[in-house]
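What follows is a short report on a single structure.
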Amino acid sequence: MDVLKPQIGDWWHALLQGAGLSSGWIVFLDALVITLILLGLGLTSVLFAVWLERKLAARVQDRLGPNRVGPYGLVQTVADALKLLTKEDITPDNAERLSYNLAPGLAVFAVLMLLLVIPFGPGLIGADINVGVLYLVAMGSVGIMAILMAGWSSNNKYALLGGFRAVAQLLSYEIPMILSMSVPVLFAGTMSMEKLVEQQAHGRWFGVVMPAAFFLYFLAALAENERTPFDLLEADSEIVAGYHIEYSGMKFAWFFLAFFLNTLILSAIATTLFLGGWRGPFVEQVPALGIFYFLAKSFVLVFAFMWIRATFPRLRIDQMMAFAWKVMVPTGLVLVLVAAVFVKLPVAPLVRDVLLFLVNVFILLVVAGLVGRHLRLQIKRLSEGAAVVS
Amino acid sequence: MLNTYAVIGLYALVALTFPFIVLLFARLVRPSKPNPLKNSTYECGMETIGDTWVQFRAQYYLFALVFVIFDVEVVFLYPWAVAYGKLGLFALVEMALFIGLLAVALVYAWRKGILEWQ
């Protein structure tokens with residue numbers, strides 16, 4: 001399997017050695033180039049994602065969306081970023097200044113760090129560490145910290161409520177997310193993101209074998225990204241804007257950027273873990289195709305995220321918490337056990353995959369049926385209660 | 001291996017400082033005209049009443065406690081999942097027991113009404 005990075009890497013190292021640099025300098029320059037590429041990629045892709053979301057939401061609501069600055073309004077986000085950069089930055093007198101100023105930077109840091117272990121193509125990964133998935137889980141929690149800091153230090157009741165909701169929601173949905181992410185790790189026997197993709201050869205994507213785990217991850221990702229139907233922490237009709245109510249100017253822009261970059265990265269992680277990453281037809285012959293496949297799969301997921309945001313209403317907080325702990329966590333535990341049992345089953349791999357798929361569909365149907373029955377009972381009870389009152 | 005962590009180190013350093021450098025730059029180009037009214041707490045035009053940092057619901061605390069228990073236990077799943085292919089049937093039995101314990105804890109919390117949001 002020839003990969004892209006060694007080809008480019010060899011040429012690059014030959015160039016540096018030709019210039020007579022020591023090995024320490026080469027390591028440093030390597031790291032610098034990777035850092036600059038990832039940062040540039042992250043920041044520019046957000047500009048595009050914001051435009052895409054606005055355009056998509058506009059289409060859903062039968063509007064035109066941004067269409068003035070540049071072709072199809074593509075440069076609108078750049079103009080917005082420049083505007084936010086030159087806007088006055090208000091720090092409330094009551095705010096706790098240190099955490100108030102640290103929080104936006106920390107939010108961006110947490111999300112940017114996730115970019116490092118995402119394989120964009122064969123061998124194209126910032127750092128292929130052997131604890132990749134665990135690293136993702138750990139770095140994901142830093143963002144929660146930033147949100148809590150912002151909510152607490154603003155000294156604003158809405159912001160504080162948003163911060164509390166953030167902790168309650170993001171922590172609760174972290175569990176099913178970690179559970180569903182452990183299923184691909186179980187199959188592949190490795191936490192390295194690069195090796196996880198290599199294990200999904202010949203169309204045996206973990207998301208196809210275990211659709212229930214993929215669905216669980218997708219729902220948890222919606223919640224982790226504070227998107228509808230789980231956008232309670234910034235519910236504008238209840239708590240105005242949640243934890244970033246007091247932020248303005250560039251600090252607000254950082255929260256905004258962290259939010260959109262998180263959307264992109266969560267889809268990229270889903271692609272890597274469940275949809276075969278850069279795998280696709282003819283990728284063995286033409287490795288560059290891998291980048292295209294990876295981006296295409298990721299953007300299908302990003303599209304789904306935005307579509308859901310444009311069409312779904314918001315959940316109530318008790319429904320949201322109950323869904324995490326009473327539906328998703330038990331399902332996740334069952335899925336891990338099922339996957340573990342089937343991996344040890346003494347049958348042919350193909351038979352095992354088909355069986356796993358069927359069991360997964362069965363689990364999904366049972367869970368959906370139980371939730372539906374519970375909701376119908378609740379509606380019945382509510383309507384009877386209403387009849388008594390009237 | 002060392003090179004990989006050099007990348008992570010440099011990247012972490014840049015990712016941590018970059019947002020603050022941009023904030024410093026914004027400080028140079030943006031106007032700054034604070035006044036007491038502008039810097040007051042924004043609560044939709046109403047004057048804020050009382051202190052914000054008061055006692056809050058214990059419910060959030062309970063969920064945080066349940067989370068800590070589950071998070072720690074779930075993270076233990078990862079080393080098991082990585083080594084699972086190399087281990088025998090024993091690993092399956094052991095993890096079934098472990099997940100069973102988790103499930104018992106969840107049922108206990110459920111029955112105690114901790115998962116109920118009042």
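Scheme for the structure tokens: letters A, B, ... for chains in order shown; per-chain residue numbers from 1; ligand numbers from 1 in order shown.
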
task: Pull out every residue of chain A that has at least one atom within 7 Å of chain B, counting only C-alpha atoms, and report them as a PyMOL selection string.
output: chain A and resi 27+31+35+85-88+90-93+105+109+112-113+127+155-157+168+171-172+175+179+182+185-186+189-191+246+250+318+322+325+333+337+340

Serialized selection, C-alpha atoms, as a short mmCIF file (atom, residue, chain, number, x, y, z; two decimals), in the first residue's frame:
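out.cif was written with the following content:
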data_model
loop_
_atom_site.label_atom_id
_atom_site.label_comp_id
_atom_site.auth_asym_id
_atom_site.auth_seq_id
_atom_site.Cartn_x
_atom_site.Cartn_y
_atom_site.Cartn_z
CA VAL A 27 11.82 17.36 13.38
CA ALA A 31 6.03 19.75 13.25
CA THR A 35 0.78 22.63 12.60
CA LEU A 85 -12.49 41.46 14.81
CA THR A 86 -13.06 45.22 14.80
CA LYS A 87 -16.09 45.20 17.13
CA GLU A 88 -15.87 46.58 20.63
CA ILE A 90 -17.35 44.40 26.33
CA THR A 91 -16.31 42.90 29.64
CA PRO A 92 -19.08 43.24 32.24
CA ASP A 93 -17.99 44.94 35.47
CA GLY A 105 -9.35 30.64 23.89
CA PHE A 109 -7.90 25.10 21.81
CA LEU A 112 -8.33 22.50 17.39
CA MET A 113 -6.53 19.75 19.28
CA ALA A 127 0.02 12.60 14.59
CA ASN A 155 -21.89 36.62 36.40
CA ASN A 156 -25.15 36.60 34.50
CA LYS A 157 -28.10 34.42 35.46
CA ALA A 168 -25.63 18.34 32.67
CA LEU A 171 -21.57 15.12 30.57
CA SER A 172 -24.63 12.91 30.14
CA ILE A 175 -21.16 8.36 28.24
CA LEU A 179 -19.59 3.58 24.68
CA SER A 182 -15.47 1.69 21.98
CA VAL A 185 -12.00 -0.12 18.92
CA LEU A 186 -13.25 -3.57 19.94
CA GLY A 189 -8.18 -4.06 18.41
CA THR A 190 -6.43 -0.70 18.21
CA MET A 191 -7.07 2.91 19.16
CA GLU A 246 -22.06 38.43 27.65
CA MET A 250 -13.65 38.43 18.76
CA ASP A 318 -36.12 16.48 31.56
CA ALA A 322 -34.04 10.97 30.50
CA TRP A 325 -29.60 7.99 30.87
CA LEU A 333 -23.97 -1.09 27.28
CA LEU A 337 -21.73 -6.67 25.06
CA ALA A 340 -17.96 -8.57 22.32
#

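Here atom CA of Ile69 of chain B and atom CA of Leu115 of chain A stand 28.5 Å from one another.
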
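Picture a line from atom CA of Asp10 of chain A to atom CA of Ser22 of chain A; it runs 15.7 Å.
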
- request: For segment 140-146 of chain A, please output as a PyMOL selection string all residues within 12 Å (counting only C-alpha atoms; exclusion window: fewer than 4 positions along the same chain).
  value: (chain A and resi 99-115+133-136+150-153+162-175+177-178+221+224-226+233+243-244+254-255+258-259+261-262+265-266+269) or (chain B and resi 71)

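Atom CA of Ser267 of chain A sits 26.0 Å away from atom CA of Gln285 of chain A.
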